[in-house]
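Structure data (mmCIF, C-alpha atoms) from protein34.cif:
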```cif
data_upload
loop_
_atom_site.label_atom_id
_atom_site.label_comp_id
_atom_site.auth_asym_id
_atom_site.auth_seq_id
_atom_site.Cartn_x
_atom_site.Cartn_y
_atom_site.Cartn_z
CA MET A 1 10.57 -58.19 -1.44
CA ALA A 2 13.94 -59.70 -2.29
CA ALA A 3 14.32 -63.45 -1.72
CA TYR A 4 16.22 -64.52 1.38
CA MET A 5 19.28 -66.72 0.88
CA SER A 6 19.48 -69.74 3.16
CA ALA A 7 21.25 -69.00 6.41
CA THR A 8 23.29 -72.23 6.54
CA ARG A 9 24.47 -74.44 3.72
CA SER A 10 24.12 -77.59 5.79
CA GLU A 11 20.36 -77.18 5.78
CA SER A 12 19.82 -79.71 2.97
CA ALA A 13 21.53 -82.51 4.95
CA PHE A 14 19.16 -81.97 7.87
CA SER A 15 15.85 -81.81 6.05
CA THR A 16 14.18 -83.57 8.99
CA ASN A 17 14.52 -80.58 11.27
CA ASP A 18 14.96 -82.17 14.68
CA LEU A 19 18.70 -81.55 14.72
CA VAL A 20 18.56 -77.81 14.03
CA PRO A 21 16.56 -75.43 16.24
CA GLU A 22 13.94 -73.27 14.53
CA TRP A 23 15.82 -70.03 14.92
CA ALA A 24 18.98 -71.35 13.28
CA LYS A 25 17.11 -71.69 10.00
CA GLU A 26 16.01 -68.08 9.91
CA GLU A 27 18.06 -65.40 8.28
CA VAL A 28 19.82 -62.98 10.60
CA SER A 29 17.97 -59.70 10.37
CA THR A 30 18.38 -56.34 11.98
CA GLY A 31 14.63 -55.75 12.36
CA THR A 32 15.41 -52.45 13.86
CA THR A 33 14.91 -48.78 14.52
CA ILE A 34 17.41 -46.30 13.10
CA MET A 35 17.27 -42.54 12.74
CA ALA A 36 19.31 -39.48 11.87
CA VAL A 37 18.74 -35.74 12.40
CA GLU A 38 20.56 -32.74 10.92
CA PHE A 39 21.38 -29.74 13.05
CA ASP A 40 23.41 -26.61 12.43
CA GLY A 41 26.98 -27.87 12.59
CA GLY A 42 26.48 -31.61 12.26
CA VAL A 43 24.19 -34.61 12.61
CA VAL A 44 22.94 -36.86 15.38
CA ILE A 45 22.38 -40.53 14.55
CA GLY A 46 20.81 -43.26 16.66
CA ALA A 47 19.90 -46.94 16.58
CA ASP A 48 18.65 -49.73 18.83
CA SER A 49 20.88 -52.74 19.49
CA ARG A 50 18.88 -55.87 18.69
CA THR A 51 19.75 -58.45 16.00
CA THR A 52 17.33 -61.33 15.58
CA THR A 53 17.27 -64.74 13.89
CA GLY A 54 13.55 -65.40 13.87
CA ALA A 55 12.45 -65.16 17.49
CA TYR A 56 15.95 -65.53 18.98
CA ILE A 57 17.95 -62.39 19.73
CA ALA A 58 21.34 -63.24 18.28
CA ASN A 59 23.00 -60.08 19.55
CA ARG A 60 21.42 -57.78 22.13
CA VAL A 61 24.22 -55.21 22.06
CA THR A 62 24.69 -54.76 18.31
CA ASP A 63 26.33 -51.64 16.97
CA LYS A 64 24.34 -50.61 13.92
CA LEU A 65 26.12 -47.26 13.58
CA THR A 66 28.99 -48.08 11.27
CA PRO A 67 31.80 -45.62 10.46
CA ILE A 68 32.42 -45.23 6.74
CA HIS A 69 34.98 -42.46 7.08
CA ASP A 70 36.20 -40.03 9.73
CA HIS A 71 33.08 -37.84 9.63
CA ILE A 72 30.62 -40.13 7.83
CA PHE A 73 28.54 -42.91 9.39
CA CYS A 74 25.83 -45.19 8.15
CA CYS A 75 22.88 -46.67 10.07
CA ARG A 76 22.04 -50.21 8.94
CA SER A 77 18.64 -51.92 8.80
CA GLY A 78 17.47 -55.07 7.03
CA SER A 79 19.58 -58.16 6.56
CA ALA A 80 22.67 -58.04 8.79
CA ALA A 81 24.79 -59.86 6.20
CA ASP A 82 23.73 -57.65 3.28
CA THR A 83 24.28 -54.39 5.13
CA GLN A 84 27.66 -55.43 6.49
CA ALA A 85 28.81 -56.46 3.02
CA VAL A 86 27.62 -53.24 1.37
CA ALA A 87 29.08 -51.07 4.15
CA ASP A 88 32.47 -52.81 3.85
CA ALA A 89 32.50 -52.31 0.08
CA VAL A 90 31.56 -48.63 0.33
CA THR A 91 34.14 -48.04 3.08
CA TYR A 92 36.82 -49.34 0.74
CA GLN A 93 35.61 -47.34 -2.25
CA LEU A 94 35.28 -44.13 -0.26
CA GLY A 95 38.71 -44.54 1.37
CA PHE A 96 40.30 -44.98 -2.04
CA HIS A 97 38.41 -41.98 -3.46
CA SER A 98 39.48 -39.81 -0.54
CA ILE A 99 43.17 -40.68 -1.08
CA GLU A 100 42.86 -39.85 -4.78
CA LEU A 101 41.25 -36.51 -3.96
CA ASP A 102 43.66 -35.80 -1.09
CA GLU A 103 40.67 -34.39 0.78
CA PRO A 104 37.98 -35.65 3.17
CA PRO A 105 35.11 -37.12 1.11
CA LEU A 106 31.66 -35.55 0.82
CA VAL A 107 28.66 -37.13 2.56
CA GLN A 108 26.83 -36.93 -0.76
CA THR A 109 29.53 -39.06 -2.37
CA ALA A 110 29.24 -41.73 0.31
CA ALA A 111 25.46 -41.73 -0.01
CA ASN A 112 25.62 -42.09 -3.77
CA LEU A 113 28.06 -45.00 -3.49
CA PHE A 114 25.52 -46.76 -1.27
CA LYS A 115 22.77 -45.93 -3.72
CA GLN A 116 24.68 -47.31 -6.71
CA MET A 117 25.26 -50.61 -4.96
CA CYS A 118 21.75 -50.89 -3.48
CA TYR A 119 20.11 -50.04 -6.80
CA ARG A 120 22.24 -52.32 -8.97
CA TYR A 121 21.71 -55.30 -6.68
CA ARG A 122 18.19 -54.36 -5.61
CA GLU A 123 16.77 -57.84 -6.33
CA GLU A 124 19.34 -59.61 -4.20
CA LEU A 125 19.67 -57.20 -1.31
CA THR A 126 17.50 -56.45 1.70
CA ALA A 127 19.13 -53.29 2.97
CA GLY A 128 17.71 -50.02 4.22
CA ILE A 129 20.49 -47.55 5.00
CA ILE A 130 20.68 -44.03 6.36
CA VAL A 131 23.94 -42.20 5.56
CA ALA A 132 24.80 -39.23 7.76
CA GLY A 133 27.84 -37.10 8.41
CA TRP A 134 29.56 -33.75 8.23
CA ASP A 135 31.64 -32.23 5.44
CA LYS A 136 33.08 -28.80 4.80
CA ARG A 137 30.90 -28.03 1.78
CA LYS A 138 27.38 -28.51 3.15
CA GLY A 139 27.81 -29.14 6.87
CA GLY A 140 25.61 -31.77 8.51
CA GLN A 141 23.64 -33.91 6.05
CA VAL A 142 21.33 -36.93 6.22
CA TYR A 143 20.64 -39.05 3.15
CA THR A 144 18.27 -42.00 3.21
CA VAL A 145 18.75 -44.98 0.87
CA PRO A 146 15.78 -47.28 1.51
CA MET A 147 15.21 -50.74 -0.04
CA GLY A 148 15.01 -50.47 -3.80
CA GLY A 149 17.88 -48.00 -4.04
CA MET A 150 16.48 -44.50 -4.16
CA ILE A 151 18.31 -41.63 -2.52
CA VAL A 152 16.88 -38.50 -0.94
CA ARG A 153 18.27 -35.91 1.45
CA GLN A 154 16.03 -35.20 4.45
CA PRO A 155 16.51 -33.08 7.57
CA VAL A 156 15.31 -36.00 9.66
CA SER A 157 14.91 -39.63 8.68
CA VAL A 158 13.83 -42.85 10.41
CA GLY A 159 14.17 -46.41 9.16
CA GLY A 160 13.76 -50.06 10.02
CA SER A 161 10.75 -52.02 11.22
CA GLY A 162 10.33 -49.90 14.35
CA SER A 163 10.20 -46.66 12.40
CA SER A 164 6.51 -47.07 11.45
CA TYR A 165 5.50 -46.44 15.05
CA ILE A 166 7.35 -43.16 15.41
CA TYR A 167 6.39 -41.29 12.23
CA GLY A 168 3.71 -39.41 14.14
CA PHE A 169 6.11 -38.58 16.98
CA MET A 170 8.79 -37.49 14.52
CA ASP A 171 6.40 -35.28 12.50
CA SER A 172 5.07 -33.54 15.59
CA ASN A 173 8.29 -33.18 17.60
CA TYR A 174 10.88 -32.29 14.97
CA LYS A 175 11.52 -28.58 14.65
CA PRO A 176 14.13 -27.09 12.34
CA GLY A 177 16.94 -25.26 14.18
CA MET A 178 17.37 -27.62 17.15
CA THR A 179 20.67 -27.69 19.04
CA LYS A 180 22.83 -30.80 19.36
CA GLU A 181 21.52 -31.57 22.86
CA GLU A 182 17.90 -31.15 21.71
CA CYS A 183 18.57 -33.52 18.81
CA LEU A 184 20.08 -36.10 21.16
CA THR A 185 17.02 -35.90 23.45
CA PHE A 186 14.68 -36.14 20.46
CA CYS A 187 16.49 -39.24 19.16
CA THR A 188 16.58 -40.92 22.56
CA GLN A 189 12.84 -40.41 23.06
CA ALA A 190 11.97 -41.59 19.57
CA LEU A 191 14.13 -44.72 19.88
CA ALA A 192 12.64 -45.48 23.31
CA LEU A 193 9.10 -45.23 21.93
CA ALA A 194 9.88 -47.46 18.96
CA MET A 195 11.72 -50.03 21.08
CA GLU A 196 8.71 -50.25 23.36
CA ARG A 197 6.30 -51.08 20.51
CA ASP A 198 8.44 -53.04 18.03
CA GLY A 199 9.34 -56.59 19.00
CA SER A 200 12.33 -56.56 16.67
CA SER A 201 13.87 -53.46 18.29
CA GLY A 202 15.28 -53.29 21.79
CA GLY A 203 18.33 -53.46 24.02
CA VAL A 204 20.24 -50.21 24.44
CA ALA A 205 20.00 -46.99 22.49
CA ARG A 206 23.23 -46.10 20.71
CA LEU A 207 23.71 -42.48 19.69
CA ALA A 208 26.46 -40.54 17.96
CA ALA A 209 26.93 -36.83 17.27
CA ILE A 210 29.11 -35.99 14.24
CA THR A 211 30.49 -32.48 13.92
CA GLU A 212 33.54 -30.79 12.44
CA GLY A 213 35.40 -31.63 15.66
CA GLY A 214 34.79 -35.35 15.38
CA VAL A 215 32.45 -38.07 16.57
CA GLU A 216 31.01 -38.29 20.07
CA ARG A 217 29.33 -41.60 20.92
CA ARG A 218 26.83 -42.27 23.67
CA VAL A 219 24.98 -45.30 24.98
CA VAL A 220 21.71 -45.09 26.89
CA LEU A 221 21.16 -48.34 28.79
CA GLY A 222 17.77 -50.00 28.92
CA ASN A 223 16.87 -48.91 32.43
CA GLN A 224 17.89 -45.30 31.72
CA LEU A 225 15.65 -44.91 28.67
CA PRO A 226 12.70 -42.50 29.04
CA LYS A 227 9.55 -44.38 30.06
CA PHE A 228 6.19 -43.80 28.42
CA SER A 229 4.02 -46.56 29.84
CA ASN A 230 0.63 -45.06 30.47
CA VAL A 231 -1.51 -48.01 29.49
CA MET B 1 -2.82 -56.30 18.21
CA ASP B 2 -4.48 -55.27 14.95
CA ARG B 3 -3.23 -57.15 11.93
CA HIS B 4 -2.57 -53.99 9.99
CA TYR B 5 -1.26 -55.78 6.92
CA MET B 6 -4.68 -57.38 6.52
CA ASP B 7 -6.19 -54.09 5.40
CA SER B 8 -4.54 -54.32 2.01
CA GLN B 9 -5.85 -57.84 1.46
CA ILE B 10 -9.50 -57.00 2.13
CA LYS B 11 -11.67 -57.69 -0.87
CA GLY B 12 -14.05 -54.94 -1.85
CA VAL B 13 -14.28 -51.64 -0.07
CA SER B 14 -12.18 -51.32 3.07
CA THR B 15 -11.85 -48.59 5.62
CA GLY B 16 -8.07 -48.56 5.61
CA THR B 17 -8.35 -46.07 8.34
CA THR B 18 -7.34 -44.33 11.51
CA ILE B 19 -9.64 -44.57 14.52
CA LEU B 20 -9.11 -43.66 18.13
CA ALA B 21 -10.87 -43.13 21.43
CA VAL B 22 -9.46 -41.28 24.45
CA THR B 23 -10.85 -40.86 27.95
CA PHE B 24 -10.58 -37.51 29.72
CA ASN B 25 -11.79 -36.06 32.96
CA GLY B 26 -15.56 -36.39 32.69
CA GLY B 27 -15.97 -38.01 29.30
CA VAL B 28 -14.51 -39.67 26.29
CA ILE B 29 -13.65 -38.50 22.76
CA ILE B 30 -13.97 -40.88 19.86
CA GLY B 31 -12.56 -39.96 16.45
CA SER B 32 -11.81 -41.17 12.95
CA ASP B 33 -10.81 -40.09 9.45
CA SER B 34 -13.34 -40.25 6.61
CA ARG B 35 -11.77 -42.20 3.76
CA ALA B 36 -12.99 -45.50 2.29
CA SER B 37 -10.73 -47.12 -0.29
CA MET B 38 -10.63 -50.09 -2.62
CA GLY B 39 -7.22 -51.69 -2.62
CA GLY B 40 -5.22 -48.63 -1.65
CA SER B 41 -5.39 -46.92 -5.05
CA TYR B 42 -8.98 -45.75 -5.35
CA VAL B 43 -10.84 -43.69 -2.81
CA SER B 44 -14.42 -44.84 -3.00
CA SER B 45 -15.68 -42.29 -0.49
CA LYS B 46 -14.11 -39.12 0.88
CA THR B 47 -16.76 -38.44 3.47
CA ILE B 48 -17.76 -41.69 5.03
CA ASN B 49 -18.81 -41.68 8.68
CA LYS B 50 -17.06 -44.35 10.70
CA LEU B 51 -18.51 -43.27 14.03
CA ILE B 52 -21.68 -45.29 14.55
CA GLN B 53 -24.01 -44.45 17.40
CA VAL B 54 -25.13 -47.71 18.97
CA HIS B 55 -26.96 -46.08 21.88
CA ASP B 56 -27.53 -42.67 23.46
CA ARG B 57 -24.13 -42.42 25.08
CA ILE B 58 -22.26 -45.23 23.33
CA PHE B 59 -20.43 -44.93 20.00
CA CYS B 60 -18.42 -47.39 18.05
CA CYS B 61 -15.80 -46.76 15.36
CA ILE B 62 -15.09 -49.25 12.63
CA SER B 63 -12.02 -50.42 10.74
CA GLY B 64 -11.38 -53.16 8.22
CA SER B 65 -13.91 -54.41 5.71
CA LEU B 66 -16.71 -51.85 5.45
CA ALA B 67 -19.35 -54.44 4.62
CA ASP B 68 -18.47 -56.62 7.60
CA ALA B 69 -18.34 -53.63 9.94
CA GLN B 70 -21.74 -52.33 8.85
CA ALA B 71 -23.33 -55.76 9.20
CA VAL B 72 -21.90 -56.28 12.65
CA THR B 73 -22.81 -52.82 13.96
CA LYS B 74 -26.40 -53.09 12.65
CA THR B 75 -26.81 -56.38 14.51
CA ALA B 76 -25.10 -55.05 17.62
CA LYS B 77 -27.27 -51.91 17.63
CA PHE B 78 -30.40 -54.04 17.65
CA GLN B 79 -29.13 -56.33 20.39
CA ILE B 80 -28.02 -53.40 22.55
CA SER B 81 -31.45 -51.72 22.23
CA LEU B 82 -33.17 -54.97 23.17
CA HIS B 83 -30.89 -55.43 26.17
CA SER B 84 -31.52 -51.87 27.29
CA ILE B 85 -35.29 -52.29 27.09
CA GLN B 86 -35.16 -55.58 28.98
CA MET B 87 -33.00 -54.07 31.74
CA ASP B 88 -35.08 -50.84 31.74
CA SER B 89 -31.93 -48.74 32.01
CA PRO B 90 -29.24 -47.35 29.70
CA PRO B 91 -26.78 -50.11 28.76
CA LEU B 92 -23.30 -50.28 30.21
CA VAL B 93 -20.47 -49.51 27.78
CA LYS B 94 -18.99 -52.86 28.74
CA ALA B 95 -22.23 -54.60 27.72
CA ALA B 96 -22.19 -52.92 24.30
CA ALA B 97 -18.53 -53.84 23.80
CA SER B 98 -19.21 -57.43 24.87
CA ILE B 99 -22.02 -57.76 22.36
CA LEU B 100 -19.66 -56.66 19.58
CA LYS B 101 -17.01 -59.02 20.89
CA GLU B 102 -19.39 -62.00 20.84
CA LEU B 103 -20.29 -61.26 17.22
CA CYS B 104 -16.64 -60.92 16.20
CA TYR B 105 -15.44 -63.98 18.11
CA ASN B 106 -18.21 -66.33 17.03
CA ASN B 107 -17.78 -65.36 13.37
CA LYS B 108 -14.03 -64.88 13.37
CA GLU B 109 -13.47 -66.99 10.24
CA GLU B 110 -15.72 -64.88 8.03
CA LEU B 111 -15.24 -61.39 9.44
CA GLN B 112 -12.44 -58.89 8.93
CA ALA B 113 -13.40 -55.93 11.05
CA GLY B 114 -12.07 -54.30 14.20
CA PHE B 115 -13.89 -51.89 16.52
CA ILE B 116 -13.25 -49.39 19.23
CA THR B 117 -16.24 -48.83 21.51
CA ALA B 118 -16.40 -45.77 23.71
CA GLY B 119 -19.04 -44.18 25.83
CA TRP B 120 -20.28 -43.02 29.18
CA ASP B 121 -22.40 -44.92 31.71
CA LYS B 122 -23.45 -44.21 35.28
CA LYS B 123 -21.59 -47.15 36.80
CA LYS B 124 -18.02 -46.53 35.63
CA GLY B 125 -18.14 -43.19 33.82
CA PRO B 126 -16.16 -42.76 30.60
CA GLN B 127 -14.67 -45.95 29.17
CA VAL B 128 -12.90 -47.19 26.05
CA TYR B 129 -12.96 -50.82 24.88
CA THR B 130 -11.16 -52.23 21.87
CA VAL B 131 -12.36 -55.35 20.02
CA ALA B 132 -9.56 -56.65 17.81
CA LEU B 133 -9.84 -58.75 14.64
CA GLY B 134 -10.11 -62.18 16.27
CA GLY B 135 -12.53 -61.08 18.97
CA MET B 136 -10.30 -60.00 21.87
CA LEU B 137 -11.82 -57.43 24.21
CA LEU B 138 -9.62 -54.99 26.15
CA ASN B 139 -10.43 -52.05 28.41
CA LEU B 140 -7.91 -49.22 28.02
CA PRO B 141 -7.57 -45.52 28.95
CA PHE B 142 -7.17 -44.82 25.24
CA ALA B 143 -7.08 -46.94 22.10
CA ILE B 144 -5.98 -46.48 18.50
CA GLY B 145 -6.77 -48.72 15.55
CA GLY B 146 -6.80 -49.11 11.79
CA SER B 147 -3.93 -49.02 9.33
CA GLY B 148 -3.00 -45.43 10.14
CA SER B 149 -2.61 -46.15 13.83
CA THR B 150 0.82 -47.77 13.30
CA TYR B 151 2.33 -44.36 12.66
CA ILE B 152 1.01 -42.75 15.83
CA TYR B 153 1.88 -45.38 18.46
CA GLY B 154 4.97 -43.39 19.39
CA TYR B 155 3.09 -40.07 19.45
CA THR B 156 0.18 -41.33 21.57
CA ASP B 157 2.48 -43.21 23.98
CA ALA B 158 4.47 -40.02 24.52
CA LYS B 159 1.62 -37.49 24.72
CA PHE B 160 -1.25 -39.21 26.50
CA LYS B 161 -1.89 -38.18 30.09
CA PRO B 162 -4.70 -39.59 32.24
CA ASP B 163 -7.37 -37.08 33.42
CA MET B 164 -6.87 -34.44 30.72
CA SER B 165 -9.31 -31.58 30.31
CA ARG B 166 -11.81 -31.61 27.43
CA GLU B 167 -9.77 -29.10 25.39
CA GLU B 168 -6.46 -30.90 25.94
CA CYS B 169 -8.07 -34.17 24.91
CA LEU B 170 -9.62 -32.63 21.79
CA GLN B 171 -6.20 -31.25 20.80
CA PHE B 172 -4.53 -34.63 21.47
CA ALA B 173 -7.09 -36.51 19.36
CA THR B 174 -7.00 -33.97 16.51
CA ASN B 175 -3.19 -33.99 16.41
CA ALA B 176 -3.05 -37.78 16.44
CA LEU B 177 -5.55 -38.05 13.56
CA ALA B 178 -3.75 -35.36 11.57
CA LEU B 179 -0.38 -37.08 11.99
CA ALA B 180 -1.76 -40.48 10.97
CA MET B 181 -3.63 -39.06 7.98
CA GLY B 182 -0.40 -37.35 6.94
CA ARG B 183 1.51 -40.62 6.74
CA ASP B 184 -1.08 -43.25 5.79
CA ASN B 185 -2.31 -43.09 2.21
CA VAL B 186 -5.53 -44.95 2.97
CA SER B 187 -6.54 -42.51 5.73
CA GLY B 188 -7.65 -39.00 4.90
CA GLY B 189 -10.48 -36.62 4.23
CA VAL B 190 -11.99 -34.88 7.25
CA ALA B 191 -11.55 -35.64 10.93
CA HIS B 192 -14.76 -36.70 12.68
CA LEU B 193 -14.77 -36.33 16.45
CA VAL B 194 -17.54 -37.01 18.96
CA VAL B 195 -17.33 -35.82 22.58
CA ILE B 196 -19.41 -38.02 24.89
CA THR B 197 -20.14 -36.89 28.46
CA GLU B 198 -22.87 -37.43 31.02
CA GLY B 199 -24.60 -34.33 29.66
CA GLY B 200 -24.75 -35.38 26.05
CA VAL B 201 -23.05 -35.97 22.75
CA GLU B 202 -21.33 -33.33 20.60
CA HIS B 203 -20.06 -33.79 17.04
CA VAL B 204 -17.00 -31.90 15.85
CA VAL B 205 -15.98 -32.09 12.18
CA ILE B 206 -12.63 -30.66 11.10
CA PRO B 207 -12.14 -30.37 7.33
CA GLY B 208 -8.79 -31.46 5.88
CA ASP B 209 -7.42 -27.97 5.33
CA LYS B 210 -8.16 -26.90 8.92
CA LEU B 211 -6.24 -29.80 10.48
CA PRO B 212 -2.97 -28.96 12.27
CA LYS B 213 0.06 -29.11 10.00
CA PHE B 214 3.31 -30.76 10.99
CA ASN B 215 6.31 -29.86 8.82
CA ASP B 216 4.19 -30.17 5.68
CA GLU B 217 6.34 -28.20 3.26
#
```

Could I get this structure in the form of structure tokens?
Amino acid sequence: MAAYMSATRSESAFSTNDLVPEWAKEEVSTGTTIMAVEFDGGVVIGADSRTTTGAYIANRVTDKLTPIHDHIFCCRSGSAADTQAVADAVTYQLGFHSIELDEPPLVQTAANLFKQMCYRYREELTAGIIVAGWDKRKGGQVYTVPMGGMIVRQPVSVGGSGSSYIYGFMDSNYKPGMTKEECLTFCTQALALAMERDGSSGGVARLAAITEGGVERRVVLGNQLPKFSNV
Amino acid sequence: MDRHYMDSQIKGVSTGTTILAVTFNGGVIIGSDSRASMGGSYVSSKTINKLIQVHDRIFCCISGSLADAQAVTKTAKFQISLHSIQMDSPPLVKAAASILKELCYNNKEELQAGFITAGWDKKKGPQVYTVALGGMLLNLPFAIGGSGSTYIYGYTDAKFKPDMSREECLQFATNALALAMGRDNVSGGVAHLVVITEGGVEHVVIPGDKLPKFNDE
């Protein structure tokens, strides 16, 4: 695992820790659940909304679905600082590339830009990213760039600390050839299940559907999430 | 609940594993995979049986350090038999689970094993009890454990219904094991299932190639 940088520089002056609460010394992390699904004509992406510093929830309404270009988004998991920095850098690079080309960029290009940065700085970064979007050449695509910097295209991908709990659900419930509404339901259920089991995931479920026509965003509030409490 | 990361730090042979027990209308199904590994890179047994019969209608499935689990279940089996003879009646599932819990709690520093106890008794019918690593005892309608269980929390939360039929429950347990074995590298081999009802005990073994497949291209 990559080493964490200290969250605040003033830490050394307060080595007797009474003045700083425990959570302020922890790194801000998006212990999280993110996922993306391809369908014919686009992709559906989803994420929870919790950002934690240790046991404190720093932001309970985080937006982890970050636009990189008009039809390309990324889902961020890992260190909040690292993923924001990488996403900003890739947004710039992709915007510049798109102007040079005079054409909307390919999802594969965006994904490879993420991979290049995550692989080169693999020792310093803690970032697990899912890149998803629509382009004219290959339609809806999902590329996962986990920690370490590999890249692979998958029809459905989950990431973040909460993802472990929903591999079984994903394997059994994903069917190729789902419609956009089926994908949205699938994502909502999977996120709800993960948020129920993972302490670092929670809040609201943010979803987005990306197609040729554009991006449609949805929020499912906590009390509207599907409930699965049998135990 | 289970400290799943501990499995990789167990010295010697460990049952990095997937175990589960599910109640249904009239009985309980207890199941496990069959792989024993040393450190996650060597499979020391492909066909180990993790479902130990501790009494006529009470079974126990083991996870964690294989040596610890075998030692504890041998002791528990003896104590349960003795208790049953003294009471002159079949033991309660809760009694069997409590005996395991006492052993785990009193020796918590040395042991690294978790159990799921399931069975049928005349007082409360089918029951499932889980004894976690530190010695906590919990009664649940269904329980999952072992390193592979992490991957099926979402699936079991979504698909479990109370009062299923025997066939529905068998399908649920088989699917859950297959999904976990498909994602966890230290779970695998065959799926062992035991159906416990008032009438008796039935073993079902499903070899790896006959397990349900989920998007396994």

Inset, instruction - Name the residues captured by the PyMOL selection byres ((chain B) within 6 of (chain A)) when it is applied to the shown file; answer as JSON, numbers by chain. - result: {"B": [150, 151, 152, 153, 154, 155, 157, 158, 179, 214]}

Legend entry - For Ala173 in chain B, the nearest of the candidates B:Thr47, B:Asn185, B:Asn106, B:Ser149, counting all atoms listed in the file: B:Ser149

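Taking CA of Ile99 in chain A and CA of Asp70 in chain A as endpoints, the distance between them is 12.9 Å.
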
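What the PyMOL selection byres ((chain B and resi 79-91) around 9) picks from this file is B:Val54, B:His55, B:Asp56, B:Arg57, B:Ile58, B:Lys74, B:Thr75, B:Ala76, B:Lys77, B:Phe78, B:Leu92, B:Val93, B:Lys94, B:Ala95, B:Ala96, B:Ile99, B:Asp121, B:Lys122.
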
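Note that CA of Gly42 in chain A and CA of Pro155 in chain A are 11.1 Å apart.
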
Legend entry - Nearby residues (only C-alpha atoms) at most 8 Å from Lys64 in chain A, same-chain spacing under 5 positions excluded, as a PyMOL selection string: chain A and resi 47-49+75-77

Residue selection dump (C-alpha atoms) as a compact mmCIF listing (two decimals), in the coordinates of the input:
```txt
# COMPACT_ATOMS: atom_id res chain seq x y z
CA ALA A 47 19.90 -46.94 16.58
CA ASP A 48 18.65 -49.73 18.83
CA SER A 49 20.88 -52.74 19.49
CA CYS A 75 22.88 -46.67 10.07
CA ARG A 76 22.04 -50.21 8.94
CA SER A 77 18.64 -51.92 8.80
```

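For Gly182 in chain B, the residues within 9 Å (counting all atoms listed in the file, excluding itself and residues fewer than 4 positions away along the chain) are A:Gly168, B:Leu177, B:Ala178, B:Ser187, B:Gly188, B:Lys213, B:Phe214, B:Asp216.
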